[in-house]
file my_file_33.txt (compact mmCIF, C-alpha atoms)
# COMPACT_ATOMS: atom_id res chain seq x y z
CA MET A 10 104.11 -10.77 122.74
CA VAL A 11 105.84 -7.68 124.13
CA GLU A 12 106.98 -4.98 121.72
CA TYR A 13 109.80 -2.57 122.44
CA ALA A 14 110.38 0.96 121.21
CA LEU A 15 114.04 1.91 121.01
CA LYS A 16 115.35 5.46 120.80
CA PRO A 17 118.62 6.10 118.94
CA ILE A 18 121.47 7.59 120.97
CA GLY A 19 123.17 9.03 117.89
CA TYR A 20 123.84 8.43 114.23
CA VAL A 21 126.60 7.71 111.73
CA GLU A 22 127.85 11.12 110.69
CA VAL A 23 130.46 9.82 108.21
CA GLY A 24 129.64 6.34 107.01
CA LEU A 25 131.08 3.82 104.61
CA PRO A 26 130.29 4.93 101.06
CA ARG A 27 127.51 2.91 99.48
CA PRO A 28 128.38 0.50 96.65
CA ASN A 29 127.19 2.99 93.98
CA GLU A 30 128.98 6.05 95.44
CA PRO A 31 132.23 7.23 93.82
CA ASP A 32 134.29 7.18 97.05
CA ARG A 33 133.57 3.47 97.60
CA GLY A 34 136.47 2.49 95.35
CA ARG A 35 138.95 4.24 97.66
CA TYR A 36 138.60 1.43 100.21
CA ALA A 37 139.78 -2.10 99.40
CA THR A 38 137.95 -3.35 102.52
CA ARG A 39 135.80 -1.78 105.19
CA TYR A 40 138.83 -1.98 107.50
CA ASP A 41 140.55 0.67 105.37
CA PHE A 42 137.73 3.06 106.32
CA ILE A 43 137.48 5.19 109.46
CA GLY A 44 133.95 6.46 110.03
CA VAL A 45 132.50 8.90 112.53
CA VAL A 46 129.60 8.37 114.92
CA ARG A 47 127.98 11.37 116.56
CA VAL A 48 126.27 10.82 119.90
CA TYR A 49 123.32 13.08 120.71
CA ASP A 50 124.09 15.73 123.34
CA GLU A 51 121.78 14.18 125.93
CA TYR A 52 123.92 10.98 125.89
CA VAL A 53 127.44 12.47 125.70
CA ASP A 54 128.08 11.90 129.44
CA GLY A 55 127.80 8.18 128.70
CA LEU A 56 131.08 8.33 126.73
CA LEU A 57 133.15 9.03 129.85
CA GLY A 58 135.91 6.41 130.13
CA LEU A 59 135.27 4.83 126.72
CA GLU A 60 138.64 6.09 125.43
CA GLU A 61 140.36 3.55 127.72
CA TYR A 62 139.20 0.72 125.43
CA SER A 63 140.71 -0.23 122.09
CA HIS A 64 137.49 -1.59 120.56
CA VAL A 65 133.74 -1.15 120.86
CA MET A 66 130.62 -2.99 119.82
CA LEU A 67 128.30 -0.72 117.87
CA ILE A 68 124.62 -1.65 117.72
CA TYR A 69 122.63 0.04 115.00
CA ILE A 70 119.56 -0.19 112.78
CA PHE A 71 119.61 -1.24 109.13
CA HIS A 72 117.29 1.74 108.64
CA GLU A 73 116.85 1.38 104.90
CA GLN A 74 116.26 -2.37 104.93
CA ARG A 75 112.63 -3.20 104.12
CA GLU A 76 112.85 -6.80 102.92
CA VAL A 77 112.80 -9.74 105.32
CA ARG A 78 113.91 -13.25 104.40
CA LEU A 79 114.20 -16.24 106.67
CA ARG A 80 116.38 -18.18 104.20
CA VAL A 81 119.20 -16.82 102.07
CA ARG A 82 121.98 -18.13 99.83
CA LEU A 83 125.47 -17.58 101.17
CA LYS A 84 127.47 -15.16 99.04
CA GLY A 85 129.57 -17.00 96.50
CA THR A 86 127.96 -20.40 97.13
CA ASP A 87 124.81 -22.38 96.40
CA LYS A 88 124.31 -23.15 100.08
CA GLU A 89 121.00 -21.99 101.56
CA VAL A 90 120.86 -21.17 105.28
CA GLY A 91 118.52 -19.45 107.71
CA ILE A 92 118.95 -15.71 108.19
CA PHE A 93 120.02 -16.29 111.81
CA ALA A 94 123.03 -18.26 110.51
CA THR A 95 124.27 -15.11 108.74
CA ARG A 96 125.06 -11.48 109.43
CA TYR A 97 122.97 -10.33 106.44
CA PRO A 98 120.63 -7.34 106.97
CA LEU A 99 117.41 -9.05 105.69
CA ARG A 100 116.31 -9.77 109.29
CA PRO A 101 112.93 -9.63 111.05
CA ASN A 102 114.44 -7.00 113.38
CA PRO A 103 116.97 -5.08 111.26
CA ILE A 104 119.62 -4.68 113.96
CA GLY A 105 123.31 -4.57 113.08
CA LEU A 106 126.27 -5.28 115.33
CA SER A 107 129.90 -4.50 114.55
CA VAL A 108 133.10 -4.84 116.58
CA LEU A 109 135.23 -1.84 115.66
CA GLU A 110 138.58 -0.34 116.54
CA LEU A 111 138.12 2.84 118.57
CA VAL A 112 140.55 5.26 116.92
CA LYS A 113 139.61 8.45 118.75
CA VAL A 114 137.03 9.84 121.16
CA GLU A 115 136.25 13.56 121.04
CA PRO A 116 132.77 13.89 122.53
CA PRO A 117 130.26 13.95 121.00
CA ARG A 118 132.11 12.03 118.25
CA LEU A 119 133.82 8.64 117.94
CA TRP A 120 136.18 7.68 115.11
CA LEU A 121 135.83 3.98 114.32
CA ARG A 122 137.98 1.85 112.00
CA GLY A 123 135.99 -0.68 110.00
CA LEU A 124 132.63 1.08 110.38
CA ASP A 125 130.37 -0.67 107.88
CA ALA A 126 127.22 1.42 108.27
CA TRP A 127 126.08 4.19 105.96
CA THR A 128 125.85 7.89 106.74
CA GLY A 129 122.63 8.57 108.63
CA THR A 130 122.39 5.11 110.23
CA PRO A 131 120.73 5.36 113.68
CA ILE A 132 122.89 4.11 116.57
CA LEU A 133 121.12 2.19 119.35
CA ASP A 134 124.01 1.49 121.72
CA ILE A 135 127.78 1.45 122.18
CA LYS A 136 129.43 -1.15 124.40
CA PRO A 137 133.12 -1.60 125.20
CA TYR A 138 134.73 -4.77 123.90
CA ASP A 139 136.51 -6.61 126.71
CA TYR A 140 137.71 -10.05 127.83
CA TYR A 141 134.16 -11.32 128.33
CA ASP A 142 133.60 -10.93 124.58
CA VAL A 143 136.44 -13.16 123.39
CA VAL A 144 135.74 -16.67 122.12
CA LYS A 145 139.13 -18.22 121.38
CA LYS A 146 138.09 -21.08 119.12
CA PRO A 147 134.55 -20.60 117.82
CA ARG A 148 133.04 -23.29 115.62
CA VAL A 149 132.08 -21.94 112.18
CA PRO A 150 130.84 -23.55 108.94
CA ARG A 151 133.47 -24.73 106.46
CA GLU A 152 132.31 -22.16 103.87
CA PHE A 153 132.80 -19.32 106.35
CA GLU A 154 136.28 -20.54 107.25
CA GLU A 155 137.22 -20.77 103.57
CA GLU A 156 135.94 -17.23 102.94
CA TRP A 157 137.83 -15.97 105.99
CA VAL A 158 141.11 -17.52 104.80
CA ARG A 159 140.59 -16.00 101.32
CA SER A 160 139.89 -12.57 102.82
CA TYR A 161 142.79 -12.88 105.23
CA ILE A 162 145.18 -13.43 102.33
CA GLU A 163 143.63 -11.40 99.48
CA LYS A 164 142.48 -8.41 101.52
CA GLY A 165 145.42 -8.33 103.92
CA TYR A 166 143.37 -8.81 107.08
CA GLY A 167 146.48 -10.07 108.92
CA GLU A 168 148.03 -6.60 108.71
CA LYS A 169 144.89 -4.42 108.64
CA VAL A 170 142.91 -6.11 111.40
CA PRO A 171 145.23 -8.42 113.34
CA TRP A 172 142.75 -8.63 116.22
CA LEU A 173 140.20 -10.46 114.05
CA GLY A 174 140.16 -14.15 113.32
CA PRO A 175 140.66 -17.39 115.22
CA CYS A 176 142.97 -17.39 118.23
CA PRO A 177 145.75 -19.99 118.42
call {"tool": "encode", "arguments": {"input": "my_file_33.txt", "output": "structure tokens"}}
result
Amino acid sequence: MVEYALKPIGYVEVGLPRPNEPDRGRYATRYDFIGVVRVYDEYVDGLLGLEEYSHVMLIYIFHEQREVRLRVRLKGTDKEVGIFATRYPLRPNPIGLSVLELVKVEPPRLWLRGLDAWTGTPILDIKPYDYYDVVKKPRVPREFEEEWVRSYIEKGYGEKVPWLGPCP
């Protein structure tokens, strides 16, 4: 088996407040939050042209996650599934991926709406989101679809993040 060593290209300078932090209550959803990623100076040239995109994919490390589980219970249900059927952080390789709205680029910083990583989170890569990344009608489990519809209505996703969700 081959092992890989990855070097962060930056870090989350202003991250989503943790559940126990006082500022957390200011945000009804993560999409109400605009966070800041700082790219290390040696990688700043790699940001050239990124401002032409509306969204990016941010790849990062769940750097404080120590526990690994291969099976988990879906939030709000009794259904047990494998970790690879979720986006939960309890993974063998604690890598996170988020699609985020690119609000502003001022090298070495990016302002990202919906950033769901904590301050200090190491960033592995940034990729532009483009037409190759769109799946118009993905198949998802019934429980996920029900949760999405609830969130869409209760959390106002239709207005806050109109780019998310199934395409007609």
call {"tool": "residues_around", "arguments": {"input": "my_file_33.txt", "residues": "Leu15 of chain A", "least_positions_apart": "5", "cutoff": "12 Å", "atoms": "all atoms listed in the file", "output": "list in words"}}
result
Ile68, Tyr69, Ile70, Asn102, Ile104, Pro131, Ile132, Leu133 and Asp134 of chain A
call {"tool": "residues_around", "arguments": {"input": "my_file_33.txt", "residues": "Trp120 of chain A", "least_positions_apart": "4", "cutoff": "8 Å", "atoms": "all atoms listed in the file", "output": "MDAnalysis selection string"}}
result
chainID A and resid 43:46 111:114
call {"tool": "residues_around", "arguments": {"input": "my_file_33.txt", "residues": "Gly129 of chain A", "least_positions_apart": "3", "cutoff": "7 Å", "atoms": "only C-alpha atoms", "output": "ChimeraX atom specification"}}
result
/A:20-22
call {"tool": "write_last_selection", "arguments": {"input": "my_file_33.txt", "atoms": "C-alpha atoms", "output": "short mmCIF file (atom, residue, chain, number, x, y, z; two decimals), in the coordinates of the input"}}
result
data_model
loop_
_atom_site.label_atom_id
_atom_site.label_comp_id
_atom_site.auth_asym_id
_atom_site.auth_seq_id
_atom_site.Cartn_x
_atom_site.Cartn_y
_atom_site.Cartn_z
CA TYR A 20 123.84 8.43 114.23
CA VAL A 21 126.60 7.71 111.73
CA GLU A 22 127.85 11.12 110.69
#
call {"tool": "closest_residue", "arguments": {"input": "my_file_33.txt", "among": "A:Gln74, A:Val23, A:Tyr161, A:Lys88", "to": "Arg47 of chain A", "atoms": "only C-alpha atoms"}}
result
A:Val23
call {"tool": "residues_near_point", "arguments": {"input": "my_file_33.txt", "point": "(136.8, -0.9, 115.0)", "cutoff": "9 Å", "atoms": "all atoms listed in the file", "output": "PyMOL selection string"}}
result
chain A and resi 40+43+63-67+107-112+120-124+170
call {"tool": "write_last_selection", "arguments": {"input": "my_file_33.txt", "atoms": "C-alpha atoms", "output": "mmCIF file, in the frame of the given file"}}
result
data_model
loop_
_atom_site.group_PDB
_atom_site.id
_atom_site.type_symbol
_atom_site.label_atom_id
_atom_site.label_comp_id
_atom_site.auth_asym_id
_atom_site.auth_seq_id
_atom_site.Cartn_x
_atom_site.Cartn_y
_atom_site.Cartn_z
ATOM 1 C CA TYR A 40 138.830 -1.980 107.500
ATOM 2 C CA ILE A 43 137.480 5.190 109.460
ATOM 3 C CA SER A 63 140.710 -0.230 122.090
ATOM 4 C CA HIS A 64 137.490 -1.590 120.560
ATOM 5 C CA VAL A 65 133.740 -1.150 120.860
ATOM 6 C CA MET A 66 130.620 -2.990 119.820
ATOM 7 C CA LEU A 67 128.300 -0.720 117.870
ATOM 8 C CA SER A 107 129.900 -4.500 114.550
ATOM 9 C CA VAL A 108 133.100 -4.840 116.580
ATOM 10 C CA LEU A 109 135.230 -1.840 115.660
ATOM 11 C CA GLU A 110 138.580 -0.340 116.540
ATOM 12 C CA LEU A 111 138.120 2.840 118.570
ATOM 13 C CA VAL A 112 140.550 5.260 116.920
ATOM 14 C CA TRP A 120 136.180 7.680 115.110
ATOM 15 C CA LEU A 121 135.830 3.980 114.320
ATOM 16 C CA ARG A 122 137.980 1.850 112.000
ATOM 17 C CA GLY A 123 135.990 -0.680 110.000
ATOM 18 C CA LEU A 124 132.630 1.080 110.380
ATOM 19 C CA VAL A 170 142.910 -6.110 111.400
#
call {"tool": "residues_around", "arguments": {"input": "my_file_33.txt", "residues": "Tyr62 of chain A", "least_positions_apart": "4", "cutoff": "8 Å", "atoms": "only C-alpha atoms", "output": "list in words"}}
result
Leu111, Pro137, Tyr138 and Asp139 of chain A
call {"tool": "axis_aligned_box", "arguments": {"input": "my_file_33.txt", "around": "segment 23-29 of chain A", "padding_each_side": "6 Å", "output": "lines of an AutoDock Vina configuration file"}}
result
center_x = 129.1
center_y = 5.2
center_z = 101.1
size_x = 15.9
size_y = 21.3
size_z = 26.2
call {"tool": "residues_around", "arguments": {"input": "my_file_33.txt", "residues": "Gly85 of chain A", "least_positions_apart": "3", "cutoff": "12 Å", "atoms": "only C-alpha atoms", "output": "PyMOL selection string"}}
result
chain A and resi 81-82+88-89+152-153+155-156
call {"tool": "closest_residue", "arguments": {"input": "my_file_33.txt", "among": "A:Val158, A:Ala37, A:Leu79, A:Leu59", "to": "Arg100 of chain A", "atoms": "all atoms listed in the file"}}
result
A:Leu79
call {"tool": "atom_distance", "arguments": {"input": "my_file_33.txt", "atom1": "atom CA of Tyr36 of chain A", "atom2": "atom CA of Glu168 of chain A"}}
result
15.0 Å
call {"tool": "closest_residue", "arguments": {"input": "my_file_33.txt", "among": "A:Pro150, A:Gly58, A:Gly165, A:Gly174", "to": "Arg39 of chain A", "atoms": "all atoms listed in the file"}}
result
A:Gly165
call {"tool": "atom_distance", "arguments": {"input": "my_file_33.txt", "atom1": "atom CA of Asp125 of chain A", "atom2": "atom CA of Pro31 of chain A"}}
result
16.2 Å
call {"tool": "closest_residue", "arguments": {"input": "my_file_33.txt", "among": "A:Leu119, A:Val90, A:Leu25, A:Met10", "to": "Val53 of chain A", "atoms": "all atoms listed in the file"}}
result
A:Leu119
call {"tool": "closest_residue", "arguments": {"input": "my_file_33.txt", "among": "A:Val77, A:Ile135, A:Leu99, A:Val144", "to": "Val48 of chain A", "atoms": "all atoms listed in the file"}}
result
A:Ile135
call {"tool": "closest_residue", "arguments": {"input": "my_file_33.txt", "among": "A:Thr95, A:Glu60, A:Trp172, A:Pro117", "to": "Val149 of chain A", "atoms": "all atoms listed in the file"}}
result
A:Thr95
call {"tool": "atom_distance", "arguments": {"input": "my_file_33.txt", "atom1": "atom CA of Glu115 of chain A", "atom2": "atom CA of Tyr140 of chain A"}}
result
24.6 Å
call {"tool": "build_atoms", "arguments": {"input": "my_file_33.txt", "residues": "segment 29-40 of chain A", "atoms": "all heavy atoms", "output": "CSV table (one decimal), in the frame of the given file"}}
result
chain,number,residue,atom,x,y,z
A,29,ASN,N,127.3,2.2,95.2
A,29,ASN,CA,127.2,3.0,94.0
A,29,ASN,C,127.8,4.4,94.1
A,29,ASN,O,127.7,5.2,93.2
A,29,ASN,CB,125.7,3.1,93.6
A,29,ASN,CG,124.9,3.7,94.7
A,29,ASN,OD1,125.3,3.9,95.8
A,29,ASN,ND2,123.6,4.1,94.3
A,30,GLU,N,128.4,4.7,95.3
A,30,GLU,CA,129.0,6.0,95.4
A,30,GLU,C,130.4,6.1,95.0
A,30,GLU,O,131.2,5.1,95.2
A,30,GLU,CB,128.9,6.5,96.9
A,30,GLU,CG,127.5,6.7,97.3
A,30,GLU,CD,127.3,7.1,98.8
A,30,GLU,OE1,128.3,6.9,99.6
A,30,GLU,OE2,126.3,7.6,99.2
A,31,PRO,N,130.9,7.2,94.4
A,31,PRO,CA,132.2,7.2,93.8
A,31,PRO,C,133.4,6.9,94.8
A,31,PRO,O,134.4,6.3,94.5
A,31,PRO,CB,132.3,8.7,93.3
A,31,PRO,CG,131.0,9.3,93.4
A,31,PRO,CD,130.1,8.4,94.2
A,32,ASP,N,133.2,7.4,96.1
A,32,ASP,CA,134.3,7.2,97.0
A,32,ASP,C,134.5,5.7,97.5
A,32,ASP,O,135.5,5.4,98.1
A,32,ASP,CB,134.0,8.0,98.3
A,32,ASP,CG,134.4,9.5,98.1
A,32,ASP,OD1,135.0,9.8,97.0
A,32,ASP,OD2,134.1,10.3,98.9
A,33,ARG,N,133.5,4.9,97.2
A,33,ARG,CA,133.6,3.5,97.6
A,33,ARG,C,134.9,2.8,97.1
A,33,ARG,O,135.5,2.0,97.8
A,33,ARG,CB,132.3,2.7,97.1
A,33,ARG,CG,132.3,1.3,97.5
A,33,ARG,CD,132.1,1.1,99.0
A,33,ARG,NE,132.0,-0.3,99.4
A,33,ARG,CZ,130.9,-0.8,100.0
A,33,ARG,NH1,129.9,0.0,100.3
A,33,ARG,NH2,130.8,-2.0,100.4
A,34,GLY,N,135.3,3.1,95.9
A,34,GLY,CA,136.5,2.5,95.4
A,34,GLY,C,137.8,2.8,96.1
A,34,GLY,O,138.8,2.2,95.9
A,35,ARG,N,137.7,3.8,96.9
A,35,ARG,CA,139.0,4.2,97.7
A,35,ARG,C,139.3,3.2,98.7
A,35,ARG,O,140.4,3.3,99.3
A,35,ARG,CB,138.7,5.6,98.3
A,35,ARG,CG,138.6,6.7,97.3
A,35,ARG,CD,138.4,8.1,98.0
A,35,ARG,NE,139.3,8.3,99.1
A,35,ARG,CZ,139.0,9.1,100.1
A,35,ARG,NH1,137.9,9.8,100.2
A,35,ARG,NH2,139.9,9.3,101.1
A,36,TYR,N,138.4,2.3,99.1
A,36,TYR,CA,138.6,1.4,100.2
A,36,TYR,C,138.6,0.0,99.7
A,36,TYR,O,137.5,-0.5,99.2
A,36,TYR,CB,137.5,1.6,101.3
A,36,TYR,CG,137.4,3.1,101.7
A,36,TYR,CD1,136.4,3.9,101.2
A,36,TYR,CD2,138.4,3.6,102.5
A,36,TYR,CE1,136.4,5.2,101.6
A,36,TYR,CE2,138.4,5.0,102.9
A,36,TYR,CZ,137.4,5.8,102.4
A,36,TYR,OH,137.3,7.1,102.7
A,37,ALA,N,139.7,-0.7,99.8
A,37,ALA,CA,139.8,-2.1,99.4
A,37,ALA,C,138.9,-3.0,100.3
A,37,ALA,O,138.3,-3.9,99.8
A,37,ALA,CB,141.2,-2.6,99.5
A,38,THR,N,138.8,-2.6,101.6
A,38,THR,CA,138.0,-3.4,102.5
A,38,THR,C,137.4,-2.3,103.5
A,38,THR,O,137.8,-1.2,103.5
A,38,THR,CB,138.7,-4.4,103.4
A,38,THR,OG1,139.5,-3.7,104.3
A,38,THR,CG2,139.6,-5.3,102.5
A,39,ARG,N,136.4,-2.7,104.2
A,39,ARG,CA,135.8,-1.8,105.2
A,39,ARG,C,136.8,-1.4,106.3
A,39,ARG,O,136.7,-0.4,106.9
A,39,ARG,CB,134.5,-2.3,105.8
A,39,ARG,CG,134.7,-3.5,106.7
A,39,ARG,CD,133.4,-4.0,107.3
A,39,ARG,NE,133.6,-5.2,108.1
A,39,ARG,CZ,133.1,-5.2,109.4
A,39,ARG,NH1,132.5,-4.2,109.9
A,39,ARG,NH2,133.3,-6.3,110.1
A,40,TYR,N,137.8,-2.2,106.5
A,40,TYR,CA,138.8,-2.0,107.5
A,40,TYR,C,139.8,-0.9,107.1
A,40,TYR,O,140.6,-0.4,107.9
A,40,TYR,CB,139.5,-3.3,107.9
A,40,TYR,CG,138.6,-4.3,108.4
A,40,TYR,CD1,138.2,-5.4,107.7
A,40,TYR,CD2,137.9,-4.1,109.6
A,40,TYR,CE1,137.3,-6.3,108.1
A,40,TYR,CE2,137.0,-5.0,110.1
A,40,TYR,CZ,136.7,-6.1,109.4
A,40,TYR,OH,135.8,-7.0,109.8
